[in-house]
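Enquirer: This one is protein_14.cif, mmCIF, C-alpha atoms and all ligand atoms.
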```cif
data_entry
#
loop_
_atom_site.group_PDB
_atom_site.id
_atom_site.type_symbol
_atom_site.label_atom_id
_atom_site.label_comp_id
_atom_site.auth_asym_id
_atom_site.auth_seq_id
_atom_site.Cartn_x
_atom_site.Cartn_y
_atom_site.Cartn_z
ATOM 1 C CA MET A 1 0.000 0.000 0.000
ATOM 2 C CA MET A 2 1.139 3.523 -0.728
ATOM 3 C CA LEU A 3 1.881 5.661 2.286
ATOM 4 C CA LEU A 4 0.634 8.758 0.516
ATOM 5 C CA ASP A 5 -1.605 9.056 -2.525
ATOM 6 C CA ILE A 6 -2.369 12.544 -3.808
ATOM 7 C CA ALA A 7 -4.894 12.780 -6.664
ATOM 8 C CA ASP A 8 -5.874 15.821 -8.743
ATOM 9 C CA LEU A 9 -5.026 18.327 -6.050
ATOM 10 C CA SER A 10 -5.853 21.930 -6.972
ATOM 11 C CA ARG A 11 -5.708 25.294 -5.284
ATOM 12 C CA ARG A 12 -6.204 28.848 -6.558
ATOM 13 C CA PHE A 13 -5.386 32.123 -4.849
ATOM 14 C CA SER A 14 -6.783 35.542 -5.622
ATOM 15 C CA SER A 15 -4.854 38.535 -4.449
ATOM 16 C CA GLY A 16 -4.895 42.099 -5.702
ATOM 17 C CA GLY A 17 -7.368 41.240 -8.479
ATOM 18 C CA ARG A 18 -5.037 38.521 -9.776
ATOM 19 C CA ASP A 19 -6.150 34.886 -9.846
ATOM 20 C CA VAL A 20 -3.289 32.379 -9.535
ATOM 21 C CA ALA A 21 -3.577 28.637 -10.138
ATOM 22 C CA ALA A 22 -1.001 27.732 -7.479
ATOM 23 C CA LEU A 23 -1.719 24.020 -7.896
ATOM 24 C CA SER A 24 -3.489 22.371 -10.871
ATOM 25 C CA ASP A 25 -4.508 18.696 -10.811
ATOM 26 C CA VAL A 26 -1.371 17.420 -9.113
ATOM 27 C CA SER A 27 -1.216 13.649 -8.560
ATOM 28 C CA LEU A 28 1.623 11.682 -6.985
ATOM 29 C CA THR A 29 2.323 8.814 -4.615
ATOM 30 C CA LEU A 30 4.933 8.119 -1.978
ATOM 31 C CA ALA A 31 5.925 4.657 -0.725
ATOM 32 C CA PRO A 32 6.867 3.956 2.905
ATOM 33 C CA GLY A 33 10.498 4.907 3.553
ATOM 34 C CA GLU A 34 10.870 6.699 0.221
ATOM 35 C CA THR A 35 12.213 10.187 -0.415
ATOM 36 C CA LEU A 36 10.418 12.115 -3.128
ATOM 37 C CA GLY A 37 12.218 15.327 -4.014
ATOM 38 C CA LEU A 38 9.899 18.114 -5.124
ATOM 39 C CA ALA A 39 11.674 20.603 -7.371
ATOM 40 C CA GLY A 40 10.530 23.649 -9.296
ATOM 41 C CA ALA A 41 11.235 27.334 -9.770
ATOM 42 C CA SER A 42 10.054 29.938 -7.284
ATOM 43 C CA GLY A 43 6.262 30.242 -7.406
ATOM 44 C CA SER A 44 5.720 26.836 -9.038
ATOM 45 C CA GLY A 45 3.488 25.636 -6.170
ATOM 46 C CA LYS A 46 5.814 23.489 -4.028
ATOM 47 C CA SER A 47 4.973 25.128 -0.694
ATOM 48 C CA THR A 48 1.272 25.226 -1.556
ATOM 49 C CA LEU A 49 1.367 21.450 -1.965
ATOM 50 C CA ALA A 50 3.284 21.057 1.327
ATOM 51 C CA ARG A 51 0.872 23.342 3.192
ATOM 52 C CA ILE A 52 -2.223 21.524 1.920
ATOM 53 C CA LEU A 53 -0.652 18.201 2.843
ATOM 54 C CA LEU A 54 -0.009 19.419 6.386
ATOM 55 C CA ARG A 55 -3.554 20.810 6.483
ATOM 56 C CA LEU A 56 -2.331 24.329 7.101
ATOM 57 C CA ILE A 57 -4.520 25.512 4.196
ATOM 58 C CA PRO A 58 -7.432 23.771 2.419
ATOM 59 C CA ALA A 59 -7.436 22.496 -1.168
ATOM 60 C CA ASP A 60 -10.066 23.560 -3.699
ATOM 61 C CA GLY A 61 -10.275 20.067 -5.140
ATOM 62 C CA GLY A 62 -8.652 16.658 -5.172
ATOM 63 C CA THR A 63 -7.992 13.983 -2.570
ATOM 64 C CA ILE A 64 -5.164 12.860 -0.316
ATOM 65 C CA HIS A 65 -4.960 9.395 1.195
ATOM 66 C CA PHE A 66 -2.404 9.085 4.001
ATOM 67 C CA GLU A 67 -1.876 5.711 5.675
ATOM 68 C CA GLY A 68 -5.020 4.598 3.862
ATOM 69 C CA LYS A 69 -7.233 7.344 5.344
ATOM 70 C CA ASP A 70 -9.043 10.100 3.460
ATOM 71 C CA TRP A 71 -6.770 12.731 4.964
ATOM 72 C CA LEU A 72 -8.545 15.943 3.946
ATOM 73 C CA THR A 73 -11.832 14.899 5.554
ATOM 74 C CA LEU A 74 -10.392 13.688 8.881
ATOM 75 C CA SER A 75 -11.314 15.849 11.854
ATOM 76 C CA GLY A 76 -11.489 15.911 15.628
ATOM 77 C CA ALA A 77 -9.789 13.257 17.707
ATOM 78 C CA GLU A 78 -8.884 11.056 14.753
ATOM 79 C CA LEU A 79 -7.119 13.927 12.956
ATOM 80 C CA ARG A 80 -5.255 14.867 16.146
ATOM 81 C CA ARG A 81 -4.139 11.294 16.625
ATOM 82 C CA ARG A 82 -3.041 10.794 13.049
ATOM 83 C CA ARG A 83 -1.268 14.157 12.823
ATOM 84 C CA ALA A 84 1.530 12.611 14.896
ATOM 85 C CA LYS A 85 2.365 10.458 11.863
ATOM 86 C CA MET A 86 2.977 13.417 9.509
ATOM 87 C CA GLN A 87 5.507 15.958 10.693
ATOM 88 C CA MET A 88 7.284 18.931 9.131
ATOM 89 C CA VAL A 89 10.635 20.670 9.007
ATOM 90 C CA PHE A 90 10.593 24.155 7.538
ATOM 91 C CA GLN A 91 13.350 26.620 6.759
ATOM 92 C CA ASP A 92 13.692 28.035 10.276
ATOM 93 C CA ILE A 93 11.719 27.308 13.429
ATOM 94 C CA LEU A 94 12.648 30.667 14.971
ATOM 95 C CA GLY A 95 9.615 32.346 13.430
ATOM 96 C CA ALA A 96 7.258 29.624 14.658
ATOM 97 C CA PHE A 97 8.125 29.876 18.359
ATOM 98 C CA ASN A 98 8.471 32.444 21.054
ATOM 99 C CA PRO A 99 12.184 33.313 20.790
ATOM 100 C CA ARG A 100 12.496 32.815 24.562
ATOM 101 C CA ALA A 101 11.236 29.234 24.257
ATOM 102 C CA THR A 102 13.780 26.716 25.477
ATOM 103 C CA VAL A 103 14.956 23.785 23.426
ATOM 104 C CA ALA A 104 13.334 21.513 26.032
ATOM 105 C CA SER A 105 9.930 23.142 25.613
ATOM 106 C CA VAL A 106 10.112 22.889 21.807
ATOM 107 C CA LEU A 107 10.682 19.143 22.164
ATOM 108 C CA ASP A 108 8.324 18.648 25.111
ATOM 109 C CA ASP A 109 5.256 19.985 23.227
ATOM 110 C CA PRO A 110 4.859 17.100 20.756
ATOM 111 C CA LEU A 111 5.692 14.502 23.440
ATOM 112 C CA ARG A 112 2.967 15.932 25.687
ATOM 113 C CA ILE A 113 0.335 16.674 23.047
ATOM 114 C CA HIS A 114 0.602 13.261 21.417
ATOM 115 C CA GLU A 115 1.247 11.419 24.726
ATOM 116 C CA ILE A 116 4.299 9.706 23.292
ATOM 117 C CA VAL A 117 5.818 8.782 26.681
ATOM 118 C CA PRO A 118 4.575 9.174 30.291
ATOM 119 C CA LYS A 119 5.300 12.576 31.862
ATOM 120 C CA ALA A 120 8.093 11.284 34.095
ATOM 121 C CA GLU A 121 9.945 9.937 31.059
ATOM 122 C CA ARG A 122 9.753 13.107 28.969
ATOM 123 C CA PRO A 123 13.057 14.680 30.186
ATOM 124 C CA GLY A 124 14.896 11.460 29.366
ATOM 125 C CA GLU A 125 13.190 11.282 25.969
ATOM 126 C CA ILE A 126 14.201 14.905 25.241
ATOM 127 C CA ALA A 127 17.821 14.073 26.109
ATOM 128 C CA ALA A 128 17.710 11.011 23.854
ATOM 129 C CA LEU A 129 16.218 13.031 20.967
ATOM 130 C CA LEU A 130 18.914 15.702 21.290
ATOM 131 C CA GLU A 131 21.650 13.100 21.316
ATOM 132 C CA ARG A 132 20.131 11.353 18.313
ATOM 133 C CA VAL A 133 20.375 14.526 16.237
ATOM 134 C CA GLY A 134 23.947 15.165 17.352
ATOM 135 C CA LEU A 135 23.434 17.750 20.103
ATOM 136 C CA PRO A 136 24.481 17.471 23.772
ATOM 137 C CA ALA A 137 21.587 16.820 26.172
ATOM 138 C CA SER A 138 22.683 19.968 28.053
ATOM 139 C CA TYR A 139 21.246 22.045 25.184
ATOM 140 C CA ALA A 140 17.779 21.430 26.630
ATOM 141 C CA THR A 141 18.016 24.489 28.874
ATOM 142 C CA ARG A 142 19.139 26.923 26.158
ATOM 143 C CA SER A 143 16.746 29.282 24.450
ATOM 144 C CA ILE A 144 16.216 28.524 20.761
ATOM 145 C CA ARG A 145 17.615 31.975 19.971
ATOM 146 C CA GLU A 146 20.953 30.991 21.510
ATOM 147 C CA VAL A 147 21.758 28.178 19.096
ATOM 148 C CA SER A 148 23.125 28.396 15.552
ATOM 149 C CA GLY A 149 21.001 27.966 12.424
ATOM 150 C CA GLY A 150 22.358 24.459 11.834
ATOM 151 C CA GLN A 151 21.708 23.469 15.456
ATOM 152 C CA ARG A 152 18.171 24.867 15.180
ATOM 153 C CA GLN A 153 17.528 22.636 12.177
ATOM 154 C CA ARG A 154 18.764 19.669 14.235
ATOM 155 C CA ILE A 155 16.230 20.660 16.914
ATOM 156 C CA ALA A 156 13.512 20.926 14.260
ATOM 157 C CA ILE A 157 14.404 17.414 13.096
ATOM 158 C CA ALA A 158 14.350 16.139 16.708
ATOM 159 C CA ARG A 159 10.905 17.687 17.127
ATOM 160 C CA ALA A 160 9.715 16.093 13.896
ATOM 161 C CA ILE A 161 10.887 12.583 14.838
ATOM 162 C CA ALA A 162 9.614 12.902 18.445
ATOM 163 C CA THR A 163 6.136 11.644 17.498
ATOM 164 C CA ARG A 164 7.495 8.668 15.487
ATOM 165 C CA PRO A 165 6.108 9.826 12.135
ATOM 166 C CA SER A 166 5.858 7.788 8.947
ATOM 167 C CA LEU A 167 6.217 10.939 6.782
ATOM 168 C CA ILE A 168 8.136 14.176 7.230
ATOM 169 C CA VAL A 169 7.462 17.096 4.880
ATOM 170 C CA LEU A 170 10.589 19.231 4.540
ATOM 171 C CA ASP A 171 10.185 22.625 2.853
ATOM 172 C CA GLU A 172 13.546 24.219 2.006
ATOM 173 C CA ALA A 173 14.812 22.667 5.265
ATOM 174 C CA VAL A 174 18.511 23.087 4.422
ATOM 175 C CA SER A 175 18.329 26.053 2.047
ATOM 176 C CA ALA A 176 19.447 28.650 4.597
ATOM 177 C CA LEU A 177 22.479 26.656 5.792
ATOM 178 C CA ASP A 178 26.156 26.844 4.753
ATOM 179 C CA VAL A 179 27.243 24.162 2.358
ATOM 180 C CA SER A 180 29.298 22.214 4.961
ATOM 181 C CA ILE A 181 26.501 22.198 7.548
ATOM 182 C CA ARG A 182 23.958 21.376 4.858
ATOM 183 C CA GLY A 183 25.811 18.163 3.956
ATOM 184 C CA LYS A 184 25.834 17.048 7.609
ATOM 185 C CA ILE A 185 22.109 17.700 8.041
ATOM 186 C CA LEU A 186 21.347 15.755 4.849
ATOM 187 C CA GLU A 187 23.458 12.868 6.159
ATOM 188 C CA LEU A 188 21.504 12.909 9.436
ATOM 189 C CA LEU A 189 18.212 12.812 7.539
ATOM 190 C CA VAL A 190 19.342 9.860 5.415
ATOM 191 C CA GLU A 191 20.529 7.991 8.552
ATOM 192 C CA LEU A 192 17.226 8.578 10.333
ATOM 193 C CA GLN A 193 15.356 7.335 7.289
ATOM 194 C CA GLN A 194 17.408 4.146 7.145
ATOM 195 C CA GLU A 195 16.999 3.584 10.886
ATOM 196 C CA ARG A 196 13.262 4.334 11.173
ATOM 197 C CA GLY A 197 11.807 3.872 7.695
ATOM 198 C CA ILE A 198 10.475 7.441 7.534
ATOM 199 C CA ALA A 199 9.353 8.752 4.131
ATOM 200 C CA TYR A 200 10.290 12.302 3.138
ATOM 201 C CA LEU A 201 8.602 14.754 0.831
ATOM 202 C CA PHE A 202 11.640 16.931 0.338
ATOM 203 C CA VAL A 203 10.876 20.320 -1.183
ATOM 204 C CA SER A 204 13.796 22.265 -2.599
ATOM 205 C CA HIS A 205 14.496 24.483 -5.561
ATOM 206 C CA ASP A 206 18.078 23.079 -5.516
ATOM 207 C CA LEU A 207 18.506 19.917 -7.588
ATOM 208 C CA ALA A 208 21.963 19.282 -6.108
ATOM 209 C CA VAL A 209 20.350 18.911 -2.678
ATOM 210 C CA LEU A 210 17.579 16.722 -4.086
ATOM 211 C CA ARG A 211 20.005 14.476 -5.915
ATOM 212 C CA ALA A 212 21.809 13.800 -2.630
ATOM 213 C CA VAL A 213 18.724 12.529 -0.812
ATOM 214 C CA SER A 214 15.964 11.578 -3.261
ATOM 215 C CA HIS A 215 14.923 8.222 -4.641
ATOM 216 C CA ARG A 216 12.592 9.949 -7.088
ATOM 217 C CA ILE A 217 12.256 13.583 -8.129
ATOM 218 C CA ALA A 218 9.090 15.394 -9.210
ATOM 219 C CA VAL A 219 9.307 18.725 -11.028
ATOM 220 C CA MET A 220 6.658 21.434 -10.843
ATOM 221 C CA GLN A 221 6.072 24.359 -13.160
ATOM 222 C CA ALA A 222 3.327 26.969 -12.770
ATOM 223 C CA GLY A 223 1.252 24.753 -10.481
ATOM 224 C CA ARG A 224 1.539 21.604 -12.574
ATOM 225 C CA LEU A 225 3.606 18.487 -12.078
ATOM 226 C CA VAL A 226 5.511 18.327 -15.364
ATOM 227 C CA GLU A 227 7.934 15.471 -14.717
ATOM 228 C CA ILE A 228 8.475 12.625 -12.261
ATOM 229 C CA GLY A 229 11.034 9.830 -12.325
ATOM 230 C CA THR A 230 13.996 8.329 -10.525
ATOM 231 C CA ALA A 231 16.567 10.905 -9.434
ATOM 232 C CA SER A 232 19.018 9.758 -12.097
ATOM 233 C CA GLN A 233 16.383 9.737 -14.866
ATOM 234 C CA VAL A 234 15.323 13.299 -14.121
ATOM 235 C CA ILE A 235 18.855 14.638 -13.728
ATOM 236 C CA GLU A 236 20.594 12.734 -16.525
ATOM 237 C CA ASN A 237 17.762 12.611 -19.036
ATOM 238 C CA PRO A 238 15.319 15.424 -18.232
ATOM 239 C CA GLN A 239 12.158 15.470 -20.350
ATOM 240 C CA SER A 240 10.758 18.891 -19.430
ATOM 241 C CA SER A 241 12.067 22.404 -20.008
ATOM 242 C CA ALA A 242 11.489 23.043 -16.279
ATOM 243 C CA ALA A 243 13.847 20.205 -15.275
ATOM 244 C CA ARG A 244 16.449 21.321 -17.828
ATOM 245 C CA ALA A 245 16.338 24.875 -16.462
ATOM 246 C CA LEU A 246 16.860 23.652 -12.881
ATOM 247 C CA ILE A 247 19.799 21.495 -13.978
ATOM 248 C CA ALA A 248 21.399 24.376 -15.844
ATOM 249 C CA ALA A 249 21.173 26.432 -12.642
ATOM 250 C CA VAL A 250 23.492 24.005 -10.784
ATOM 251 C CA PRO A 251 26.885 23.890 -12.524
ATOM 252 C CA ARG A 252 28.068 20.898 -10.429
ATOM 253 C CA LEU A 253 25.289 18.761 -11.870
ATOM 254 C CA VAL A 254 26.348 19.453 -15.419
ATOM 255 C CA THR A 255 29.865 18.130 -14.706
ATOM 256 C CA GLY A 256 28.387 14.736 -13.812
ATOM 257 C CA LEU A 257 29.468 14.042 -10.220
ATOM 258 C CA PRO A 258 28.210 10.739 -8.774
ATOM 259 C CA GLU A 259 24.832 10.568 -7.048
ATOM 260 C CA ARG A 260 24.005 10.354 -3.370
ATOM 261 C CA HIS A 261 27.303 11.822 -2.244
ATOM 262 C CA TYR A 262 26.110 13.888 0.632
ATOM 263 C CA TYR A 263 29.341 15.859 0.812
ATOM 264 C CA ASP A 264 29.038 17.186 -2.725
ATOM 265 C CA VAL A 265 26.093 19.427 -2.120
HETATM 266 N N1 LIG B 1 -1.504 33.042 0.497
HETATM 267 C C1 LIG B 1 -1.358 33.330 -0.797
HETATM 268 N N2 LIG B 1 -2.054 34.337 -1.377
HETATM 269 C C2 LIG B 1 -1.925 34.623 -2.688
HETATM 270 N N3 LIG B 1 -1.100 33.951 -3.524
HETATM 271 C C3 LIG B 1 -0.377 32.951 -3.010
HETATM 272 C C4 LIG B 1 -0.446 32.583 -1.629
HETATM 273 N N4 LIG B 1 0.383 31.540 -1.404
HETATM 274 C C5 LIG B 1 0.962 31.270 -2.595
HETATM 275 N N5 LIG B 1 0.507 32.109 -3.555
HETATM 276 C C6 LIG B 1 0.896 32.087 -4.978
HETATM 277 O O1 LIG B 1 0.826 30.745 -5.424
HETATM 278 C C7 LIG B 1 1.906 30.450 -6.314
HETATM 279 C C8 LIG B 1 2.676 29.262 -5.748
HETATM 280 O O2 LIG B 1 3.346 29.669 -4.555
HETATM 281 P P1 LIG B 1 4.238 28.684 -3.681
HETATM 282 O O3 LIG B 1 4.600 29.409 -2.437
HETATM 283 O O4 LIG B 1 3.525 27.404 -3.553
HETATM 284 O O5 LIG B 1 5.527 28.487 -4.601
HETATM 285 P P2 LIG B 1 6.917 27.764 -4.298
HETATM 286 O O6 LIG B 1 7.144 26.807 -5.405
HETATM 287 O O7 LIG B 1 6.933 27.254 -2.905
HETATM 288 O O8 LIG B 1 7.978 28.952 -4.456
HETATM 289 P P3 LIG B 1 9.352 29.222 -3.647
HETATM 290 O O9 LIG B 1 10.399 28.365 -4.304
HETATM 291 O O10 LIG B 1 9.619 30.683 -3.906
HETATM 292 O O11 LIG B 1 9.147 28.928 -2.211
HETATM 293 C C9 LIG B 1 2.715 31.723 -6.430
HETATM 294 O O12 LIG B 1 2.254 32.406 -7.581
HETATM 295 C C10 LIG B 1 2.348 32.491 -5.181
HETATM 296 O O13 LIG B 1 2.462 33.869 -5.381
HETATM 297 MG MG MG B 2 8.101 27.628 -1.212
#
```
Since I need it in another form, could you write the structure as structure tokens?
Ligand SMILES: Nc1ncnc2c1ncn2[C@@H]1O[C@H](COP(=O)(O)OP(=O)(O)OP(=O)(O)O)[C@@H](O)[C@H]1O
Ligand SMILES: [Mg+2]
Expert:
Amino acid sequence: MMLLDIADLSRRFSSGGRDVAALSDVSLTLAPGETLGLAGASGSGKSTLARILLRLIPADGGTIHFEGKDWLTLSGAELRRRRAKMQMVFQDILGAFNPRATVASVLDDPLRIHEIVPKAERPGEIAALLERVGLPASYATRSIREVSGGQRQRIAIARAIATRPSLIVLDEAVSALDVSIRGKILELLVELQQERGIAYLFVSHDLAVLRAVSHRIAVMQAGRLVEIGTASQVIENPQSSAARALIAAVPRLVTGLPERHYYDV
């Protein structure tokens, strides 16, 4: 069974008298433990797809089945329960939290809300999560403002895995990081996937990043999915002008470095 099955998803926005088809009849599937890279130029609809999937905004039409359930019609207790299984990592968590929030509180929230472990075990679970993402347990008492951008993304990943999800939606999760830190975060994500069988919908405008982590790559253009295939098919033999334009934007891809070398990106 597919973990995720998106069919004919559409969404329009009107702003300032302009009507934009942000998403037009997009269909795709994701298998358990798979990484699907979602590429496309700015404004092509990648974040709109991610936000509908996370139920941050509604769709105008189409369906999503997640773990076999009709995801867009779930509500109440069942939605709350199943939300634990789909988590997110965005570009920077600083905007999403009170800047005085401590690392411990950022990680405690999902453990408490989804009742992952009994209350008495939460501090130990927080320490274990921090260590799993490569941070000392002593970071729990710091404020999220006091840690570096790369460390904050490690905390965002720890928060995402805290509820033992089957899918994590990552939207430009490494785009703001230096190249050297980016490679280490991508390595961590690949390790966690191998260890826990988590699937990733990995949104990035950077094909070099997607090549390093993706099993398959989908390419969007003006709200439509214009190409989907294995990472090597899309990068070595692109069929759409949108994929060719993204490849041309990354000189290292043109030189033909090997795939899935996390240090290259
Ligand atoms: N809340 C909104 N109101 C009006 N228009 C919107 C809104 N959100 C997105 N759009 C429009 O929908 C289209 C798709 O936007 P989206 O953010 O999904 O693109 P994207 O592929 O994520 O781009 P980027 O790479 O820049 O993040 C764009 O034309 C955008 O201007
Ligand atoms: Mg976006």
Enquirer: Run the PyMOL selection byres (((not hetatm)) within 7 of (chain B and resi 2)) mentally over the shown coordinates, then write out the matched residues as a ChimeraX atom specification, using the chain letters and numbers from the document.
Expert: /A:42-43,46-47,171
Enquirer: Between A:His205, A:Arg196, A:Arg211, A:Arg216, which one has atoms that come closest to ligand LIG 1 (chain B), using only C-alpha atoms and all ligand atoms?
Expert: A:His205
Enquirer: Between A:Leu72, A:Lys184, A:Val89, A:Leu23, which has the minimum distance to Ala156 of chain A (counting all atoms listed in the file)?
Expert: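 Checking each candidate against Ala156 of chain A, we get A:Val89 as the closest.
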Enquirer: Using only C-alpha atoms, which protein or nucleic acid residues come within 8 Å of Gln87 of chain A? Drop anything in the same chain fewer than 6 positions from it, and give the result as a PyMOL selection string.
Expert: chain A and resi 54+160-161+165+167-169
Enquirer: What residues have any atom no more than 9 Å from ligand LIG 1 (chain B) when counting all atoms listed in the file, and can you list them as number ranges by chain?
Expert: A: 11-16, 18-23, 39-51, 57, 171-172, 203-205, 220-223
Enquirer: Which residue is closest to Phe66 of chain A? Choose from A:Ser166, A:Asp108, A:Glu121, A:Ser143 and count all atoms listed in the file.
Expert: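 Comparing A:Ser166, A:Asp108, A:Glu121, A:Ser143 against Phe66 of chain A, the winner is A:Ser166.
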Enquirer: What does the PyMOL selection byres (((chain A and resi 147-154) around 7) and not hetatm) select in this file, as a list in words?
Expert: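 On the file shown, the PyMOL selection byres (((chain A and resi 147-154) around 7) and not hetatm) covers Asp92, Val133, Ile144, Arg145, Glu146, Ile155, Ala156, Ile157, Ala158, Leu177 and Ile181 of chain A.
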Enquirer: Can you measure atom CA of Ile113 of chain A to atom CA of Phe202 of chain A for me? One decimal in Å is fine.
Expert: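 Atom CA of Ile113 of chain A sits 25.4 Å away from atom CA of Phe202 of chain A.
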Enquirer: Atom CA of Leu28 of chain A to atom CA of Leu186 of chain A: how many Å, to one decimal?
Expert: 23.4 Å
Enquirer: Enter the distance from atom CA of Arg100 of chain A to atom CA of Ala162 of chain A, in Å, rounded to one decimal.
Expert: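 Separation of atom CA of Arg100 of chain A and atom CA of Ala162 of chain A: 21.0 Å.
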Enquirer: Excluding Glu191 of chain A and any residue of its chain fewer than 2 positions from it, enumerate the residues within 12 Å of it, using only C-alpha atoms, and give them as a compact mmCIF listing (two decimals) with C-alpha atoms, keeping the file's coordinate frame.
Expert:
```
# COMPACT_ATOMS: atom_id res chain seq x y z
CA GLY A 33 10.50 4.91 3.55
CA ARG A 132 20.13 11.35 18.31
CA VAL A 133 20.38 14.53 16.24
CA GLY A 134 23.95 15.16 17.35
CA LYS A 184 25.83 17.05 7.61
CA ILE A 185 22.11 17.70 8.04
CA LEU A 186 21.35 15.76 4.85
CA GLU A 187 23.46 12.87 6.16
CA LEU A 188 21.50 12.91 9.44
CA LEU A 189 18.21 12.81 7.54
CA GLN A 193 15.36 7.34 7.29
CA GLN A 194 17.41 4.15 7.14
CA GLU A 195 17.00 3.58 10.89
CA ARG A 196 13.26 4.33 11.17
CA GLY A 197 11.81 3.87 7.70
CA ILE A 198 10.48 7.44 7.53
CA VAL A 213 18.72 12.53 -0.81
CA TYR A 262 26.11 13.89 0.63
```
Enquirer: Excluding Arg122 of chain A and its own-chain neighbours fewer than 6 positions away, which residues fall within 12 Å of it when counting all atoms listed in the file? Please give them as a PyMOL selection string.
Expert: chain A and resi 104-105+107-116+128-129+140+162
